[in-house]
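Text of run_15.cif (mmCIF, C-alpha atoms) as supplied:
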data_my_file
#
loop_
_atom_site.label_atom_id
_atom_site.label_comp_id
_atom_site.auth_asym_id
_atom_site.auth_seq_id
_atom_site.Cartn_x
_atom_site.Cartn_y
_atom_site.Cartn_z
CA MET A 1 0.00 0.00 0.00
CA THR A 2 2.95 2.29 -0.54
CA PHE A 3 1.10 4.32 -3.18
CA LEU A 4 -1.85 4.79 -0.80
CA LEU A 5 0.32 6.19 1.97
CA PHE A 6 2.23 8.31 -0.53
CA ILE A 7 -0.96 10.02 -1.74
CA LEU A 8 -2.41 10.43 1.74
CA SER A 9 0.87 11.86 3.06
CA HIS A 10 0.63 14.88 0.77
CA PRO A 11 -1.75 17.30 2.54
CA GLN A 12 -2.26 19.38 -0.61
CA TYR A 13 -3.55 16.45 -2.68
CA LYS A 14 -7.31 16.15 -2.91
CA HIS A 15 -6.93 12.41 -2.66
CA GLU A 16 -10.60 11.67 -3.40
CA ARG A 17 -10.08 13.05 -6.91
CA ILE A 18 -6.91 11.02 -7.46
CA PHE A 19 -8.50 7.80 -6.17
CA GLU A 20 -11.54 8.43 -8.36
CA VAL A 21 -9.40 8.50 -11.50
CA MET A 22 -7.51 5.44 -10.23
CA SER A 23 -10.80 3.56 -9.99
CA HIS A 24 -11.76 4.63 -13.53
CA PHE A 25 -8.39 3.34 -14.78
CA ARG A 26 -8.70 0.26 -12.54
CA MET A 27 -5.27 0.94 -11.11
CA GLY A 28 -3.91 -0.45 -7.87
CA GLY A 29 -6.86 -2.82 -7.54
CA LEU A 30 -9.44 -0.01 -7.38
CA GLU A 31 -12.55 -0.27 -9.53
CA PRO A 32 -15.50 2.10 -10.00
CA HIS A 33 -18.03 -0.05 -8.11
CA MET A 34 -15.92 0.02 -4.91
CA TYR A 35 -14.98 3.72 -4.98
CA ASP A 36 -17.61 5.05 -2.51
CA GLU A 37 -16.94 2.32 0.04
CA PHE A 38 -13.19 2.79 -0.35
CA ILE A 39 -13.40 6.56 0.26
CA GLN A 40 -15.51 5.98 3.37
CA ALA A 41 -12.84 3.61 4.67
CA ILE A 42 -10.08 6.14 3.90
CA GLN A 43 -11.94 8.89 5.73
CA GLN A 44 -12.01 6.78 8.88
CA LEU A 45 -8.22 6.42 8.96
CA PRO A 46 -6.14 8.53 11.39
CA VAL A 47 -3.80 11.15 9.99
CA VAL A 48 -0.94 9.52 8.08
CA SER A 49 1.64 10.13 10.81
CA LYS A 50 -0.47 8.07 13.23
CA ILE A 51 -1.55 5.23 10.94
CA THR A 52 -0.57 1.79 12.25
CA PRO A 53 -0.57 -1.59 10.47
CA ASN A 54 -3.78 -2.43 12.35
CA ASP A 55 -5.48 0.63 10.83
CA LEU A 56 -4.70 -0.69 7.37
CA HIS A 57 -6.37 -4.04 8.05
CA ALA A 58 -9.72 -2.45 7.21
CA LEU A 59 -8.49 -1.88 3.65
CA ARG A 60 -7.41 -5.47 2.98
CA LYS A 61 -10.84 -6.38 1.59
CA PHE A 62 -10.17 -4.09 -1.39
CA ASN A 63 -7.18 -6.22 -2.46
CA LEU A 64 -5.08 -3.16 -3.26
CA VAL A 65 -1.72 -3.47 -5.02
CA ASP A 66 1.03 -0.92 -5.53
CA ILE A 67 1.37 0.93 -8.81
CA SER A 68 4.55 1.78 -10.67
CA GLU A 69 6.04 5.25 -10.95
CA ALA A 70 5.15 5.25 -14.65
CA ASP A 71 1.53 4.41 -13.83
CA PHE A 72 1.44 7.20 -11.24
CA GLU A 73 2.70 9.69 -13.82
CA ARG A 74 0.03 8.51 -16.26
CA LEU A 75 -2.55 8.80 -13.51
CA MET A 76 -1.59 12.37 -12.61
CA LYS A 77 -1.61 13.41 -16.28
CA GLU A 78 -5.19 12.20 -16.52
CA VAL A 79 -6.11 14.00 -13.27
CA GLN A 80 -4.62 17.21 -14.65
CA GLN A 81 -6.29 16.82 -18.05
CA ARG A 82 -9.69 16.35 -16.42
CA ALA A 83 -9.07 19.49 -14.38
CA VAL A 84 -8.28 21.38 -17.61
CA ASN A 85 -11.54 20.19 -19.18
CA GLU A 86 -13.63 21.03 -16.10
CA SER A 87 -12.16 24.51 -15.63
CA LYS A 88 -13.01 25.90 -19.06
CA ILE A 89 -14.81 29.20 -18.42
CA CYS A 90 -14.98 32.67 -19.90
CA TRP A 91 -13.41 35.08 -17.40
CA HIS A 92 -14.86 38.23 -18.99
CA PRO A 93 -17.09 40.21 -16.56
CA GLU A 94 -19.96 40.17 -19.06
CA GLN A 95 -19.80 36.44 -19.74
CA SER A 96 -23.21 34.79 -19.98
CA ASN A 97 -25.10 32.44 -22.26
CA LYS A 98 -26.58 35.52 -23.94
CA LYS A 99 -23.34 37.43 -24.50
CA CYS A 100 -20.85 34.63 -25.20
CA ASN A 101 -20.65 32.31 -28.18
CA VAL A 102 -22.66 29.18 -27.34
CA ASP A 103 -23.18 25.75 -28.87
CA GLU A 104 -26.48 24.13 -29.90
CA GLN A 105 -27.22 23.24 -26.27
CA GLY A 106 -26.66 26.83 -25.17
CA LYS A 107 -23.37 26.05 -23.44
CA ILE A 108 -20.63 28.67 -23.65
CA ILE A 109 -17.95 27.71 -26.17
CA VAL A 110 -14.60 28.35 -24.52
CA SER A 111 -11.76 28.64 -27.01
CA SER A 112 -8.05 28.01 -26.56
CA ALA A 113 -6.79 31.50 -25.71
CA HIS A 114 -3.10 32.39 -25.61
CA SER A 115 -1.37 34.11 -22.72
CA ILE A 116 1.22 35.11 -25.33
CA GLN A 117 -0.05 36.10 -28.79
CA ASN A 118 0.38 33.16 -31.15
CA ASN A 119 0.77 35.02 -34.45
CA GLY A 120 2.49 38.03 -32.92
CA VAL A 121 5.08 37.82 -30.17
CA LEU A 122 5.51 34.03 -30.35
CA SER A 123 6.27 34.35 -34.06
CA LYS A 124 9.22 36.57 -33.16
CA ILE A 125 10.89 33.91 -31.02
CA GLU A 126 9.97 30.64 -32.74
CA GLU A 127 12.45 28.45 -34.53
CA ASN A 128 11.13 26.04 -37.17
CA GLY A 129 7.62 26.58 -35.84
CA CYS A 130 8.54 25.67 -32.25
CA VAL A 131 9.36 27.39 -28.96
CA THR A 132 10.62 26.16 -25.60
CA GLY A 133 8.22 26.29 -22.66
CA TYR A 134 9.13 25.69 -19.04
CA THR A 135 7.05 23.69 -16.58
CA LEU A 136 7.39 22.11 -13.15
CA HIS A 137 8.03 18.37 -13.39
CA LYS A 138 9.05 16.14 -10.48
CA ALA A 139 9.99 19.12 -8.30
CA SER A 140 12.26 20.68 -10.94
CA VAL A 141 11.68 23.10 -13.80
CA GLU A 142 12.23 21.54 -17.20
CA GLY A 143 12.15 22.93 -20.72
CA ARG A 144 9.94 21.34 -23.35
CA ILE A 145 9.87 21.92 -27.10
CA LEU A 146 6.35 22.99 -28.11
CA VAL A 147 4.69 23.62 -31.44
CA LYS A 148 4.07 27.37 -31.44
CA LYS A 149 0.29 27.16 -31.72
CA HIS A 150 0.18 24.92 -28.64
CA ALA A 151 2.39 27.17 -26.50
CA SER A 152 0.89 29.39 -23.78
CA VAL A 153 -2.62 27.98 -24.37
CA PHE A 154 -5.26 28.23 -21.65
CA TRP A 155 -9.06 27.85 -21.78
CA GLY A 156 -10.14 31.19 -20.34
CA PHE A 157 -12.34 33.07 -22.84
CA CYS A 158 -14.94 32.53 -25.51
CA ASN A 159 -13.99 33.73 -29.01
CA LYS A 160 -16.09 36.86 -28.63
CA HIS A 161 -14.60 38.08 -25.36
CA ASP A 162 -11.03 37.07 -26.22
CA ALA A 163 -11.17 40.13 -28.49
CA ILE A 164 -10.73 42.31 -25.39
CA PHE A 165 -6.97 41.90 -25.93
CA SER A 166 -7.06 43.37 -29.45
CA PRO A 167 -5.29 46.64 -28.38
CA ILE A 168 -2.22 44.66 -27.30
CA GLU A 169 -2.33 42.15 -30.16
CA THR A 170 -3.07 44.31 -33.22
CA LEU A 171 -1.65 47.70 -32.28
CA PRO A 172 2.00 48.70 -31.75
CA PHE A 173 3.05 48.84 -28.12
CA THR A 174 3.09 52.45 -26.94
CA GLY A 175 2.50 51.95 -23.22
CA THR A 176 -0.99 53.48 -23.07
CA LEU A 177 -3.09 53.06 -19.92
CA GLU A 178 -5.33 50.62 -21.76
CA GLN A 179 -2.45 48.49 -23.06
CA ASN A 180 -0.74 48.38 -19.68
CA PHE A 181 -4.05 47.43 -18.05
CA LEU A 182 -4.68 44.64 -20.55
CA PHE A 183 -1.21 43.18 -20.11
CA ALA A 184 -1.78 43.14 -16.33
CA TYR A 185 -5.27 41.68 -16.77
CA ARG A 186 -3.94 38.88 -18.94
CA GLY A 187 -1.24 38.12 -16.37
CA PHE A 188 -3.94 37.94 -13.72
CA VAL A 189 -6.30 35.73 -15.70
CA VAL A 190 -3.72 33.22 -16.89
CA SER A 191 -2.32 32.81 -13.36
CA ALA A 192 -5.72 32.74 -11.63
CA HIS A 193 -7.10 30.31 -14.19
CA LYS A 194 -4.17 27.94 -13.70
CA LYS A 195 -4.57 28.09 -9.93
CA ALA A 196 -8.34 27.51 -10.14
CA GLU A 197 -7.69 24.61 -12.50
CA THR A 198 -5.08 23.06 -10.20
CA ALA A 199 -7.36 23.58 -7.18
CA LEU A 200 -9.61 20.85 -8.57
CA TYR A 201 -7.06 18.29 -7.38
CA MET A 202 -4.83 20.31 -5.02
CA ASN A 203 -5.97 21.91 -1.78
CA PHE A 204 -4.91 25.57 -1.54
CA GLY A 205 -7.41 26.47 1.18
CA GLU A 206 -10.36 28.87 1.08
CA GLN A 207 -8.20 32.00 1.09
CA SER A 208 -6.79 31.22 -2.35
CA ALA A 209 -10.21 31.17 -4.03
CA ASN A 210 -11.17 34.32 -2.13
CA ASP A 211 -8.03 36.14 -3.31
CA ILE A 212 -8.87 35.32 -6.92
CA ALA A 213 -12.50 36.40 -6.55
CA GLU A 214 -11.68 39.70 -4.84
CA ASN A 215 -8.97 40.67 -7.33
CA LYS A 216 -11.29 39.70 -10.19
CA LYS A 217 -13.92 42.12 -8.87
CA ILE A 218 -11.50 45.03 -9.24
CA PHE A 219 -10.54 44.04 -12.78
CA ASP A 220 -14.19 43.42 -13.75
CA GLN A 221 -15.37 46.79 -12.50
CA ALA A 222 -12.51 48.53 -14.31
CA ILE A 223 -13.30 46.75 -17.59
CA ILE A 224 -16.98 47.67 -17.45
CA ALA A 225 -16.20 51.30 -16.58
CA LYS A 226 -13.15 51.41 -18.90
CA ASN A 227 -11.22 52.78 -15.94
CA TYR A 228 -7.73 51.61 -16.86
CA SER A 229 -6.06 53.86 -14.29
CA VAL A 230 -6.70 51.28 -11.54
CA ILE A 231 -3.44 49.68 -12.74
CA LYS A 232 -0.04 51.31 -12.35
CA THR A 233 2.80 50.02 -14.50
CA GLN A 234 6.55 50.45 -14.47
CA ILE A 235 7.96 49.93 -17.99
CA PHE A 236 11.55 48.82 -18.38
CA ASP A 237 12.98 49.11 -21.89
CA LEU A 238 15.69 46.43 -22.02
CA GLY A 239 17.24 48.09 -25.05
CA SER A 240 17.65 44.98 -27.18
CA PHE A 241 15.59 42.09 -28.45
CA TYR A 242 15.60 38.96 -26.29
CA PRO A 243 13.91 35.73 -27.47
CA ILE A 244 11.86 35.18 -24.33
CA VAL A 245 8.32 36.25 -23.45
CA ALA A 246 6.13 35.77 -20.38
CA SER A 247 2.82 36.70 -18.78
CA SER A 248 2.15 35.90 -15.14
CA SER A 249 1.69 37.18 -11.60
CA PHE A 250 3.12 36.64 -8.14
CA ASN A 251 2.91 38.09 -4.64
CA LEU A 252 5.68 39.53 -2.52
CA GLU A 253 6.53 37.51 0.58
CA PHE A 254 9.63 39.34 1.89
CA ASP A 255 11.21 42.78 1.69
CA PHE A 256 14.87 43.39 0.81
CA GLU A 257 15.90 42.79 4.44
CA GLY A 258 14.16 39.41 4.51
CA ASN A 259 11.25 40.57 6.67
CA SER A 260 7.81 39.11 5.97
CA ILE A 261 5.51 41.58 4.23
CA PRO A 262 2.07 41.89 5.87
CA HIS A 263 -0.89 41.53 3.52
CA ALA A 264 -4.50 42.63 3.67
CA GLU A 265 -7.06 40.25 5.14
CA GLU A 266 -9.58 40.62 2.30
CA ARG A 267 -7.27 39.65 -0.59
CA MET A 268 -3.66 39.06 -1.63
CA GLU A 269 -2.00 42.01 -3.36
CA ASN A 270 -0.30 40.76 -6.51
CA ILE A 271 2.35 41.89 -8.98
CA TYR A 272 1.50 41.32 -12.66
CA VAL A 273 4.42 40.87 -15.01
CA THR A 274 4.82 40.83 -18.79
CA LEU A 275 7.92 40.28 -20.86
CA HIS A 276 6.96 41.62 -24.30
CA SER A 277 8.99 41.88 -27.50
CA ALA A 278 8.16 44.53 -30.09
CA ASP A 279 10.00 46.71 -32.62
CA ASN A 280 13.26 44.81 -32.11
CA LYS A 281 13.13 45.55 -28.40
CA THR A 282 12.03 43.72 -25.29
CA TYR A 283 9.99 45.45 -22.61
CA PHE A 284 9.44 44.30 -19.05
CA LEU A 285 6.16 45.52 -17.55
CA LEU A 286 5.70 45.39 -13.80
CA SER A 287 2.11 46.23 -12.84
CA TYR A 288 -0.07 46.39 -9.73
CA PHE A 289 -3.30 47.96 -8.51
CA ALA A 290 -2.86 51.65 -7.73
CA GLU A 291 -4.50 51.07 -4.36
CA ASP A 292 -1.79 48.48 -3.53
CA GLU A 293 1.15 50.76 -4.30
#
Could you rewrite the structure in this file as structure tokens?
Amino acid sequence: MTFLLFILSHPQYKHERIFEVMSHFRMGGLEPHMYDEFIQAIQQLPVVSKITPNDLHALRKFNLVDISEADFERLMKEVQQRAVNESKICWHPEQSNKKCNVDEQGKIIVSSAHSIQNNGVLSKIEENGCVTGYTLHKASVEGRILVKKHASVFWGFCNKHDAIFSPIETLPFTGTLEQNFLFAYRGFVVSAHKKAETALYMNFGEQSANDIAENKKIFDQAIIAKNYSVIKTQIFDLGSFYPIVASSSFNLEFDFEGNSIPHAEERMENIYVTLHSADNKTYFLLSYFAEDE
């Protein structure tokens, strides 16, 4: 039962979701018909640090067997893919079945949006139609060769509302309030969407979802009112062209002396970052809400 203890020993795993996919794949001896009874038995176990061999006797009736590392990787890929499929939403503040593109059943059609423009910035850094993307794999960051059209894809907007980014995808970069706002907004959405997606199988706690919701409110209100001044941006002209682009966000944990930075109770204050190449130059945009300055 090594795999069982391994999964249960990770407090951030939502183990019910992982065991559910295991039962669908009939891995480790789990099968769909026994899933509910198995989860009930798991819930009655003590915390992992206090589990004894006697506690595990109650699980013997399920005839569990260990799974290989390769099977676990395959399992987690399926867990992650299901999370991607379930988290497809349109993040636009005016999203609805009446204002988004919908299918024959009236369900919103979410398209594969790009956090980095496919036929714009990515075209400037591709080689033979490919780019290198970096992702966390087995506790280390690894580079992967990606076909350009598959790079930086996330399922966060319908085709209609994805057009909100037109001013930063079809117009030259001039650092207007609207462009700076949209770069920050895209950094927010792509990061928040990934976290919401991952939260389907990882436990980040209630505060994480609240942080996303509260920051989204500020962006939504600004979009509706076209009040782009809610974002302040520092623009750094790096002087030369560099073949790397990025769109993301993070929060500050420590100051330059290593002291913890206190944060508001209602939401986490974030920094939104963009590495953007245009006109044979690369610009680094560091953005934040004016009220967080």
Original post:
If we count only C-alpha atoms, what is near segment 152-163 of chain A at a cut-off of 9 Å, once residues fewer than 6 positions away on the same chain are taken out, given as a VMD selection string?
Top reply: chain A and resid 84 to 85 87 to 92 94 to 95 99 to 102 108 to 118 133 189 to 190 193 to 194 246
**OP:** One decimal, Å: what's the distance from atom CA of Arg144 of chain A over to atom CA of Glu73 of chain A, could you say?
**Re:** 16.7 Å
Original post:
Hey, can you check how far atom CA of Ala278 of chain A sits from atom CA of Phe236 of chain A?
Top reply: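 If I compute the distance from atom CA of Ala278 of chain A to atom CA of Phe236 of chain A, I get 12.9 Å.
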**OP:** Write out as a ChimeraX atom specification the residues lying within 12 Å of Tyr201 of chain A, counting only C-alpha atoms and excluding same-chain residues fewer than 2 positions away.
**Re:** /A:7,10-21,76-84,86-87,194-199,203-205
**OP:** Could you check how far atom CA of Gln44 of chain A sits from atom CA of Leu56 of chain A, in Å to one decimal?
**Re:**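 Answer for the atom CA of Gln44 of chain A to atom CA of Leu56 of chain A separation: 10.6 Å.
Within 12 Å of the point (-2.5, 11.6, 9.8), and counting only C-alpha atoms, the protein, DNA and RNA residues are Leu5, Phe6, Ile7, Leu8, Ser9, His10, Pro11, Ile42, Gln43, Gln44, Leu45, Pro46, Val47, Val48, Ser49, Lys50, Ile51, Thr52 and Asp55 of chain A.
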Can I get the selection written as a PDB file, keeping the file's coordinate frame, with C-alpha atoms?
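Written file, selection-v4.pdb:
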ATOM      1  CA  LEU A   5       0.320   6.190   1.970  1.00  0.00           C
ATOM      2  CA  PHE A   6       2.230   8.310  -0.530  1.00  0.00           C
ATOM      3  CA  ILE A   7      -0.960  10.020  -1.740  1.00  0.00           C
ATOM      4  CA  LEU A   8      -2.410  10.430   1.740  1.00  0.00           C
ATOM      5  CA  SER A   9       0.870  11.860   3.060  1.00  0.00           C
ATOM      6  CA  HIS A  10       0.630  14.880   0.770  1.00  0.00           C
ATOM      7  CA  PRO A  11      -1.750  17.300   2.540  1.00  0.00           C
ATOM      8  CA  ILE A  42     -10.080   6.140   3.900  1.00  0.00           C
ATOM      9  CA  GLN A  43     -11.940   8.890   5.730  1.00  0.00           C
ATOM     10  CA  GLN A  44     -12.010   6.780   8.880  1.00  0.00           C
ATOM     11  CA  LEU A  45      -8.220   6.420   8.960  1.00  0.00           C
ATOM     12  CA  PRO A  46      -6.140   8.530  11.390  1.00  0.00           C
ATOM     13  CA  VAL A  47      -3.800  11.150   9.990  1.00  0.00           C
ATOM     14  CA  VAL A  48      -0.940   9.520   8.080  1.00  0.00           C
ATOM     15  CA  SER A  49       1.640  10.130  10.810  1.00  0.00           C
ATOM     16  CA  LYS A  50      -0.470   8.070  13.230  1.00  0.00           C
ATOM     17  CA  ILE A  51      -1.550   5.230  10.940  1.00  0.00           C
ATOM     18  CA  THR A  52      -0.570   1.790  12.250  1.00  0.00           C
ATOM     19  CA  ASP A  55      -5.480   0.630  10.830  1.00  0.00           C
TER      20      ASP A  55
END
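The residues returned by the PyMOL selection byres ((chain A and resi 287) around 7) for this structure are Ala184, Ile231, Lys232, Thr233, Gln234, Ile271, Tyr272, Val273, Leu285, Leu286 and Tyr288 of chain A.
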**OP:** Would you kindly translate the PyMOL selection byres ((chain A and resi 291) around 12) into the concrete residues it picks from this file, as a list in words?
**Re:**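 Selected by the PyMOL selection byres ((chain A and resi 291) around 12) in this file: Asn215, Ile218, Ser229, Val230, Ile231, Lys232, Ala264, Glu269, Asn270, Ser287, Tyr288, Phe289, Ala290, Asp292 and Glu293 of chain A.
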Subject >> Nearest candidate to Ser23 of chain A (options A:Ala41, A:Val245, A:Ile164, A:Leu75; using all atoms listed in the file) >> reply: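 Of all the options, A:Leu75 lies closest to Ser23 of chain A.
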**OP:** Tell me which protein, DNA and RNA residues are within 12 Å of Ser68 of chain A, counting only C-alpha atoms, leaving out same-chain ones fewer than 6 positions away, and put them as an MDAnalysis selection string.
**Re:** chainID A and resid 1:3 27:28 74:75
Hey, could you patch up segment 258-269 of chain A with all heavy atoms and hand it over as a short mmCIF file (atom, residue, chain, number, x, y, z; two decimals), in the frame of the given file?
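Saved as out_13.cif:
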data_model
loop_
_atom_site.label_atom_id
_atom_site.label_comp_id
_atom_site.auth_asym_id
_atom_site.auth_seq_id
_atom_site.Cartn_x
_atom_site.Cartn_y
_atom_site.Cartn_z
N GLY A 258 14.59 40.76 4.14
CA GLY A 258 14.16 39.41 4.51
C GLY A 258 13.01 39.37 5.48
O GLY A 258 12.66 38.30 6.00
N ASN A 259 12.39 40.54 5.76
CA ASN A 259 11.25 40.57 6.67
C ASN A 259 9.97 40.20 5.92
O ASN A 259 9.77 40.60 4.77
CB ASN A 259 11.10 41.97 7.27
CG ASN A 259 12.35 42.42 8.00
OD1 ASN A 259 12.85 41.72 8.87
ND2 ASN A 259 12.86 43.59 7.65
N SER A 260 9.08 39.47 6.58
CA SER A 260 7.81 39.11 5.97
C SER A 260 6.97 40.36 5.74
O SER A 260 6.90 41.24 6.60
CB SER A 260 7.04 38.14 6.87
OG SER A 260 7.72 36.92 6.97
N ILE A 261 6.34 40.43 4.57
CA ILE A 261 5.51 41.58 4.23
C ILE A 261 4.07 41.28 4.65
O ILE A 261 3.50 40.26 4.24
CB ILE A 261 5.56 41.87 2.72
CG1 ILE A 261 6.98 42.29 2.33
CG2 ILE A 261 4.55 42.93 2.32
CD1 ILE A 261 7.16 42.50 0.83
N PRO A 262 3.47 42.12 5.48
CA PRO A 262 2.07 41.89 5.87
C PRO A 262 1.13 42.15 4.69
O PRO A 262 1.37 43.04 3.88
CB PRO A 262 1.85 42.91 7.00
CG PRO A 262 2.83 44.00 6.71
CD PRO A 262 4.03 43.33 6.11
N HIS A 263 0.08 41.36 4.59
CA HIS A 263 -0.89 41.53 3.52
C HIS A 263 -2.28 41.77 4.09
O HIS A 263 -2.57 41.44 5.23
CB HIS A 263 -0.90 40.29 2.61
CG HIS A 263 0.36 40.13 1.81
ND1 HIS A 263 0.60 40.86 0.67
CD2 HIS A 263 1.45 39.35 1.99
CE1 HIS A 263 1.78 40.52 0.18
NE2 HIS A 263 2.32 39.61 0.97
N ALA A 264 -3.14 42.34 3.25
CA ALA A 264 -4.50 42.63 3.67
C ALA A 264 -5.26 41.34 3.94
O ALA A 264 -4.96 40.29 3.36
CB ALA A 264 -5.22 43.45 2.59
N GLU A 265 -6.27 41.42 4.81
CA GLU A 265 -7.06 40.25 5.14
C GLU A 265 -8.00 39.87 4.00
O GLU A 265 -8.25 38.69 3.75
CB GLU A 265 -7.87 40.51 6.42
CG GLU A 265 -7.04 40.64 7.67
CD GLU A 265 -6.40 39.33 8.08
OE1 GLU A 265 -6.97 38.27 7.76
OE2 GLU A 265 -5.32 39.37 8.71
N GLU A 266 -8.52 40.89 3.28
CA GLU A 266 -9.58 40.62 2.30
C GLU A 266 -9.07 39.98 1.01
O GLU A 266 -9.78 39.24 0.34
CB GLU A 266 -10.36 41.89 1.96
CG GLU A 266 -9.55 43.00 1.31
CD GLU A 266 -8.89 43.93 2.32
OE1 GLU A 266 -8.81 43.55 3.51
OE2 GLU A 266 -8.47 45.02 1.91
N ARG A 267 -7.80 40.24 0.63
CA ARG A 267 -7.27 39.65 -0.59
C ARG A 267 -5.75 39.81 -0.63
O ARG A 267 -5.19 40.68 0.01
CB ARG A 267 -7.87 40.32 -1.84
CG ARG A 267 -7.51 41.78 -1.99
CD ARG A 267 -8.00 42.38 -3.30
NE ARG A 267 -7.70 43.81 -3.35
CZ ARG A 267 -6.52 44.30 -3.72
NH1 ARG A 267 -5.56 43.48 -4.09
NH2 ARG A 267 -6.31 45.60 -3.72
N MET A 268 -5.10 38.96 -1.43
CA MET A 268 -3.66 39.06 -1.63
C MET A 268 -3.37 40.11 -2.69
O MET A 268 -3.98 40.14 -3.75
CB MET A 268 -3.10 37.70 -2.09
CG MET A 268 -1.62 37.73 -2.42
SD MET A 268 -0.58 38.15 -1.00
CE MET A 268 -0.72 36.63 -0.05
N GLU A 269 -2.42 41.00 -2.39
CA GLU A 269 -2.00 42.01 -3.36
C GLU A 269 -0.94 41.38 -4.26
O GLU A 269 0.06 40.84 -3.78
CB GLU A 269 -1.40 43.23 -2.64
CG GLU A 269 -2.31 43.85 -1.59
CD GLU A 269 -2.10 43.29 -0.20
OE1 GLU A 269 -1.56 42.16 -0.09
OE2 GLU A 269 -2.47 43.95 0.78
#
